[in-house]
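Read through the structure below, which is laid out as structure tokens, and then see the notes.
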Protein chains: 2
Amino acid sequence: MTASHHPLIAKLESIFTLTPEERQAILDMPMQVQELRAKQDIVREGDRPSRSFVVLEGFTCMFKLTPKGERQIMAFHIPGDIPDLQSLHLKTLDNSVGTITRCKVGFIQHETLRDLCSRYPRIGSALWRETLIDASIFREWMISIGRRDAFARLSHLLCELLVKMRAVGLVEDHTCKLPITQGEFGDALGLSTVHINRTLQEIRKAGLITLRGATLKVLDWDGLQKAGEFDPTYLHLEKPQAAA
Amino acid sequence: MTASHHPLIAKLESIFTLTPEERQAILDMPMQVQELRAKQDIVREGDRPSRSFVVLEGFTCMFKLTPKGERQIMAFHIPGDIPDLQSLHLKTLDNSVGTITRCKVGFIQHETLRDLCSRYPRIGSALWRETLIDASIFREWMISIGRRDAFARLSHLLCELLVKMRAVGLVEDHTCKLPITQGEFGDALGLSTVHINRTLQEIRKAGLITLRGATLKVLDWDGLQKAGEFDPTYLHLEKPQAAA
DNA sequence: CGTTTGGTTGAAATGTGTCAAACTTTGTGG
DNA sequence: CCACAAAGTTTGACACATTTCAACCAAACG
């Protein structure tokens, strides 16, 4: 486990070192904690929320539904992420966020966040920065979906998830929890479940990973990066990552 | 033509009404204006810029190159946009921006922008907001590329471009300049030039648009929206659009 | 006015989707 | 803690949207 019990602090500390006052200000924020079951909506497209939420435990994803009922997943979130931070400046949500696993989330009033940002500009900048990194990740996903074949697409996503998990201390021995179903991978990458299944088998056969029972183990990190054309620059991790 | 000769002011005015001081502060910003020919890079992936730029005239696009030399365009920009505003908070650029047509752009030092934001928080919020809208557009493009077929994809993009142009006063009589080649459409939508060509013909045959000599005319706006599953919510235009 | 850039066409190749069925794991209530 | 239901995974055969390749044509430009 990393520095703090508050995943938001752990996340910010992975960018720069907080002063004791900043730390305390975050801990002092009133936060309404809520436990949620798997496969539940947290916020829905069209909502006009007056608060945002931090993921404290579990995995969530951001998605939209097409008229035909297909789902496009646009992001996966892990503890420390604030999936709907955008609603701080955009009145109506243009996407839904739902849980993948059982989750614990903490709601924070927009007023509270705005106050925090103006009182501690470094935190304000860090949050703006976070939304910019989200955008950077969207761009990278566009390349994946638009230009890479299934093998590269899946490899790239696995690289990304591993690196993000490592940044918040959730990877050990090239292994981490990854409770994402093949259907969900498909909805994220614009591929059918069937094709995800076949592609996963290929990636396994190539000796790059092991993935069973919600546990991902990377056997050949270099190979996986190469297969996915993965270059972590777009994640804008400031502190160098310990090669776990 | 709209309110101002400064496209950035026109853009901000399309969201909220600037006070005279805010207006003046923007006009007073030192800005290094530069004219560029078509098909030129303005900034490149990997750069660590100390300034951002506003598009004053012409069209630009944001893109990345894959190892195989394919290009994925991730955004088109029109006058008033600040394509690399993200570099204000992210040190190294993770994408390139180039001109599509001849362009006039204005470079503004990050220092100047930061100063503007802290002195006029409403402008600061508006700029953060702009980056959030960019992210929202990326998400919508992910749906297009991931889930919509060629006909819907192209229709959707045409709708988006028209609405964005209308917001800054560049549409008249459902008609606007659109100097984007079929190759560029393909690079943006993850389709081959050949397929763009065939799809454009279908869209024309369906009586939805006319597109010749860099001029787009929408003949059936409702039909085009329906074909592209286009719902402008994601563009977060605050002021209602005059149906031009 | 020739040269470059962008647009159009046809035929064949291919990656991925769809459908339908069987199998396996996970979670849960009795 | 078992047994069963639900959820997720795997497999095969076939369909199809889009790509690729290779020409040729039209428009823009210096």
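Every chain in the structure tokens has a letter given in the order shown (A, B, ...), and although residue numbers restart at 1 in each chain, ligands are simply numbered from 1 in the order shown.
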
Determine, using only C-alpha atoms (C1' of nucleotides), which residues of chain C have any atom at most 8 Å from an atom of chain B, and tabulate each with its shortest atom pair and distance in Å to one decimal place, rows ordered by chain and then rising number, as a tab-separated table.
residue	atom	partner	partner_atom	distance
C:DG6	C1'	B:Thr181	CA	7.3
C:DG7	C1'	B:Asn197	CA	7.7
C:DT8	C1'	B:Asn197	CA	7.6

Set the cut-off to 9 Å and count only C-alpha atoms (C1' of nucleotides): what are the residues of chain D that reach chain A? Output as a PyMOL selection string.
chain D and resi 8-10

Residue subset to file, keeping N, CA and C atoms (P, O5', C5', C4', C3', O3' and C1' of nucleotides), as a tab-separated table (two decimals), in the first residue's frame:
chain	number	residue	atom	x	y	z
D	8	DG	P	-21.01	-10.91	-16.36
D	8	DG	O5'	-19.96	-11.95	-16.95
D	8	DG	C5'	-18.98	-12.52	-16.08
D	8	DG	C4'	-18.25	-13.60	-16.82
D	8	DG	C3'	-17.59	-13.14	-18.13
D	8	DG	O3'	-16.22	-13.49	-18.05
D	8	DG	C1'	-18.77	-15.17	-18.43
D	9	DT	P	-15.24	-13.27	-19.32
D	9	DT	O5'	-15.15	-14.71	-20.00
D	9	DT	C5'	-14.67	-15.80	-19.23
D	9	DT	C4'	-14.62	-17.05	-20.10
D	9	DT	C3'	-13.80	-16.91	-21.38
D	9	DT	O3'	-12.85	-17.97	-21.37
D	9	DT	C1'	-15.92	-17.88	-21.84
D	10	DT	P	-11.68	-18.07	-22.43
D	10	DT	O5'	-12.29	-19.05	-23.54
D	10	DT	C5'	-12.63	-20.37	-23.16
D	10	DT	C4'	-13.35	-21.07	-24.29
D	10	DT	C3'	-12.67	-20.98	-25.67
D	10	DT	O3'	-12.27	-22.29	-26.02
D	10	DT	C1'	-15.04	-20.71	-25.81

Once you count only C-alpha atoms, what closest atom pair and distance in Å to one decimal does each residue of chain A within 7 Å of chain B have, with rows by chain and rising residue number, as CSV?
residue,atom,partner,partner_atom,distance
A:Gln72,CA,B:Ile143,CA,6.0
A:Met74,CA,B:Arg139,CA,6.4
A:Gln86,CA,B:Leu132,CA,6.3
A:His89,CA,B:Arg129,CA,5.7
A:Leu90,CA,B:Arg129,CA,6.9
A:Asp94,CA,B:Tyr234,CA,5.6
A:Trp128,CA,B:Trp128,CA,6.8
A:Arg129,CA,B:His89,CA,5.7
A:Leu132,CA,B:Gln86,CA,6.3
A:Ala135,CA,B:Ala135,CA,4.8
A:Phe138,CA,B:Phe138,CA,6.1
A:Arg139,CA,B:Met74,CA,6.4
A:Met142,CA,B:Met142,CA,5.8
A:Ile143,CA,B:Gln72,CA,6.0
A:Ile145,CA,B:Gly146,CA,6.1
A:Gly146,CA,B:Gly190,CA,4.4
A:Arg147,CA,B:Gly190,CA,6.2
A:Leu189,CA,B:Gly146,CA,6.9
A:Gly190,CA,B:Gly146,CA,4.4
A:Thr233,CA,B:Asp94,CA,6.8
A:Tyr234,CA,B:Asp94,CA,5.6

Work out how far atom CA of His110 of chain B is from atom CA of Pro49 of chain B, in Å to one decimal.
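That distance, rounded to one decimal, is 8.7 Å.
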
Considering only strand (DSSP E) as DSSP defines it on the backbone, what residues of segment 20-123 of chain B qualify? List them as number ranges by chain.
B: 32-36, 41-43, 51-57, 60-65, 71-77, 96-99, 103-109

Go ahead and dump the residues you just picked, N, CA and C atoms, as a JSON list (two decimals), in the first residue's frame.
[["chain", "number", "residue", "atom", "x", "y", "z"],
["B", 32, "GLN", "N", 2.25, 36.88, -30.57],
["B", 32, "GLN", "CA", 3.12, 36.89, -31.74],
["B", 32, "GLN", "C", 2.39, 36.24, -32.91],
["B", 33, "VAL", "N", 1.98, 37.07, -33.86],
["B", 33, "VAL", "CA", 1.19, 36.55, -34.97],
["B", 33, "VAL", "C", 2.10, 35.99, -36.06],
["B", 34, "GLN", "N", 1.67, 34.87, -36.64],
["B", 34, "GLN", "CA", 2.50, 34.21, -37.65],
["B", 34, "GLN", "C", 1.60, 33.66, -38.75],
["B", 35, "GLU", "N", 2.04, 33.81, -39.99],
["B", 35, "GLU", "CA", 1.28, 33.26, -41.11],
["B", 35, "GLU", "C", 1.94, 31.96, -41.53],
["B", 36, "LEU", "N", 1.14, 30.97, -41.86],
["B", 36, "LEU", "CA", 1.69, 29.67, -42.21],
["B", 36, "LEU", "C", 1.03, 29.15, -43.48],
["B", 41, "ASP", "N", 3.59, 21.69, -40.11],
["B", 41, "ASP", "CA", 3.48, 21.44, -38.68],
["B", 41, "ASP", "C", 3.63, 22.75, -37.92],
["B", 42, "ILE", "N", 2.82, 22.91, -36.88],
["B", 42, "ILE", "CA", 2.95, 24.09, -36.03],
["B", 42, "ILE", "C", 3.70, 23.71, -34.75],
["B", 43, "VAL", "N", 3.26, 22.65, -34.11],
["B", 43, "VAL", "CA", 4.01, 22.06, -32.99],
["B", 43, "VAL", "C", 4.05, 20.56, -33.20],
["B", 51, "ARG", "N", 4.66, 28.30, -24.79],
["B", 51, "ARG", "CA", 3.56, 29.16, -25.22],
["B", 51, "ARG", "C", 2.52, 28.31, -25.93],
["B", 52, "SER", "N", 1.31, 28.83, -26.02],
["B", 52, "SER", "CA", 0.26, 28.17, -26.77],
["B", 52, "SER", "C", -0.15, 29.09, -27.91],
["B", 53, "PHE", "N", -0.98, 28.59, -28.82],
["B", 53, "PHE", "CA", -1.39, 29.47, -29.91],
["B", 53, "PHE", "C", -2.88, 29.41, -30.18],
["B", 54, "VAL", "N", -3.40, 30.54, -30.61],
["B", 54, "VAL", "CA", -4.79, 30.66, -31.03],
["B", 54, "VAL", "C", -4.84, 30.61, -32.54],
["B", 55, "VAL", "N", -5.82, 29.90, -33.08],
["B", 55, "VAL", "CA", -6.04, 29.94, -34.52],
["B", 55, "VAL", "C", -6.80, 31.23, -34.83],
["B", 56, "LEU", "N", -6.22, 32.07, -35.68],
["B", 56, "LEU", "CA", -6.87, 33.33, -36.03],
["B", 56, "LEU", "C", -7.60, 33.22, -37.36],
["B", 57, "GLU", "N", -6.95, 32.55, -38.33],
["B", 57, "GLU", "CA", -7.59, 32.32, -39.62],
["B", 57, "GLU", "C", -7.18, 30.96, -40.13],
["B", 60, "THR", "N", -6.76, 24.08, -38.75],
["B", 60, "THR", "CA", -5.64, 23.24, -38.34],
["B", 60, "THR", "C", -6.20, 21.90, -37.86],
["B", 61, "CYS", "N", -5.31, 20.93, -37.67],
["B", 61, "CYS", "CA", -5.75, 19.67, -37.08],
["B", 61, "CYS", "C", -4.69, 19.11, -36.15],
["B", 62, "MET", "N", -5.17, 18.35, -35.18],
["B", 62, "MET", "CA", -4.31, 17.70, -34.20],
["B", 62, "MET", "C", -4.16, 16.25, -34.65],
["B", 63, "PHE", "N", -2.95, 15.71, -34.61],
["B", 63, "PHE", "CA", -2.77, 14.34, -35.09],
["B", 63, "PHE", "C", -1.58, 13.65, -34.43],
["B", 64, "LYS", "N", -1.55, 12.36, -34.57],
["B", 64, "LYS", "CA", -0.39, 11.55, -34.21],
["B", 64, "LYS", "C", -0.09, 10.64, -35.38],
["B", 65, "LEU", "N", 1.17, 10.23, -35.49],
["B", 65, "LEU", "CA", 1.58, 9.26, -36.50],
["B", 65, "LEU", "C", 1.82, 7.92, -35.83],
["B", 71, "ARG", "N", -1.66, 8.11, -40.18],
["B", 71, "ARG", "CA", -1.95, 9.29, -39.38],
["B", 71, "ARG", "C", -3.34, 9.18, -38.78],
["B", 72, "GLN", "N", -3.45, 9.47, -37.50],
["B", 72, "GLN", "CA", -4.78, 9.59, -36.90],
["B", 72, "GLN", "C", -5.00, 11.04, -36.54],
["B", 73, "ILE", "N", -6.00, 11.66, -37.18],
["B", 73, "ILE", "CA", -6.37, 13.02, -36.82],
["B", 73, "ILE", "C", -7.34, 12.95, -35.66],
["B", 74, "MET", "N", -7.09, 13.73, -34.62],
["B", 74, "MET", "CA", -7.92, 13.65, -33.43],
["B", 74, "MET", "C", -8.82, 14.85, -33.23],
["B", 75, "ALA", "N", -8.57, 15.91, -34.01],
["B", 75, "ALA", "CA", -9.43, 17.09, -33.90],
["B", 75, "ALA", "C", -9.16, 18.02, -35.07],
["B", 76, "PHE", "N", -10.20, 18.70, -35.49],
["B", 76, "PHE", "CA", -10.05, 19.82, -36.42],
["B", 76, "PHE", "C", -10.27, 21.11, -35.64],
["B", 77, "HIS", "N", -9.54, 22.15, -36.00],
["B", 77, "HIS", "CA", -9.70, 23.42, -35.30],
["B", 77, "HIS", "C", -10.08, 24.52, -36.26],
["B", 96, "SER", "N", 0.90, 16.20, -32.37],
["B", 96, "SER", "CA", 1.32, 17.29, -33.22],
["B", 96, "SER", "C", 0.10, 18.09, -33.66],
["B", 97, "VAL", "N", 0.33, 19.33, -34.07],
["B", 97, "VAL", "CA", -0.73, 20.13, -34.66],
["B", 97, "VAL", "C", -0.17, 20.72, -35.95],
["B", 98, "GLY", "N", -0.94, 20.61, -37.02],
["B", 98, "GLY", "CA", -0.50, 21.14, -38.30],
["B", 98, "GLY", "C", -1.60, 21.92, -38.98],
["B", 99, "THR", "N", -1.21, 22.71, -39.97],
["B", 99, "THR", "CA", -2.21, 23.46, -40.72],
["B", 99, "THR", "C", -2.84, 22.57, -41.78],
["B", 103, "CYS", "N", -2.85, 29.53, -42.89],
["B", 103, "CYS", "CA", -3.35, 29.93, -41.58],
["B", 103, "CYS", "C", -2.69, 31.17, -41.04],
["B", 104, "LYS", "N", -3.39, 31.86, -40.16],
["B", 104, "LYS", "CA", -2.79, 32.88, -39.31],
["B", 104, "LYS", "C", -3.00, 32.43, -37.87],
["B", 105, "VAL", "N", -1.91, 32.32, -37.11],
["B", 105, "VAL", "CA", -2.03, 31.91, -35.72],
["B", 105, "VAL", "C", -1.34, 32.93, -34.83],
["B", 106, "GLY", "N", -1.76, 33.00, -33.56],
["B", 106, "GLY", "CA", -1.16, 33.93, -32.61],
["B", 106, "GLY", "C", -0.62, 33.19, -31.40],
["B", 107, "PHE", "N", 0.70, 33.30, -31.20],
["B", 107, "PHE", "CA", 1.32, 32.63, -30.05],
["B", 107, "PHE", "C", 1.23, 33.51, -28.81],
["B", 108, "ILE", "N", 0.86, 32.88, -27.69],
["B", 108, "ILE", "CA", 0.77, 33.59, -26.41],
["B", 108, "ILE", "C", 1.59, 32.83, -25.38],
["B", 109, "GLN", "N", 2.47, 33.54, -24.68],
["B", 109, "GLN", "CA", 3.31, 32.90, -23.65],
["B", 109, "GLN", "C", 2.45, 32.29, -22.55]]

Atom-to-atom span, atom CA of Ile180 of chain A and atom CA of Thr101 of chain A, Å:
8.5 Å

Atom-to-atom span, atom CA of Thr199 of chain B and atom CA of Phe185 of chain B, Å:
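According to the coordinates, atom CA of Thr199 of chain B and atom CA of Phe185 of chain B are separated by 11.1 Å.
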
Give me the residues within 10 Å of DC29 of chain D as JSON, numbers by chain, counting only C-alpha atoms (C1' of nucleotides) and dropping any in the same chain fewer than 6 places off.
{"C": [3, 4, 5]}

Using DSSP assignments from the backbone, pull out every residue in segment 90-223 of chain A that falls under helix (DSSP H, G or I) and give it to me as an NGL selection string.
:A and (110-119 or 121-147 or 150-167 or 182-189 or 193-205 or 221-223)

Residue neighbourhood Ile203 of chain A, 8 Å, only C-alpha atoms (C1' of nucleotides), exclusion window fewer than 4 positions, as a tab-separated table (two decimals) with N, CA and C atoms, in the first residue's frame:
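Resulting contents of result_10.tsv:
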chain	number	residue	atom	x	y	z
A	151	PHE	N	-5.20	-7.27	-32.04
A	151	PHE	CA	-4.08	-7.71	-31.21
A	151	PHE	C	-3.39	-6.53	-30.56
A	155	SER	N	-3.47	-5.35	-26.52
A	155	SER	CA	-2.16	-5.25	-25.87
A	155	SER	C	-1.97	-3.86	-25.29
A	199	THR	N	-8.66	-13.00	-29.65
A	199	THR	CA	-7.44	-12.21	-29.58
A	199	THR	C	-6.69	-12.46	-28.27
A	207	GLY	N	2.73	-15.78	-25.41
A	207	GLY	CA	3.52	-15.78	-24.19
A	207	GLY	C	3.67	-14.41	-23.54
A	208	LEU	N	2.74	-13.50	-23.86
A	208	LEU	CA	2.88	-12.14	-23.32
A	208	LEU	C	2.23	-11.99	-21.95
A	209	ILE	N	1.08	-12.66	-21.77
A	209	ILE	CA	0.36	-12.50	-20.50
A	209	ILE	C	-0.28	-13.81	-20.05
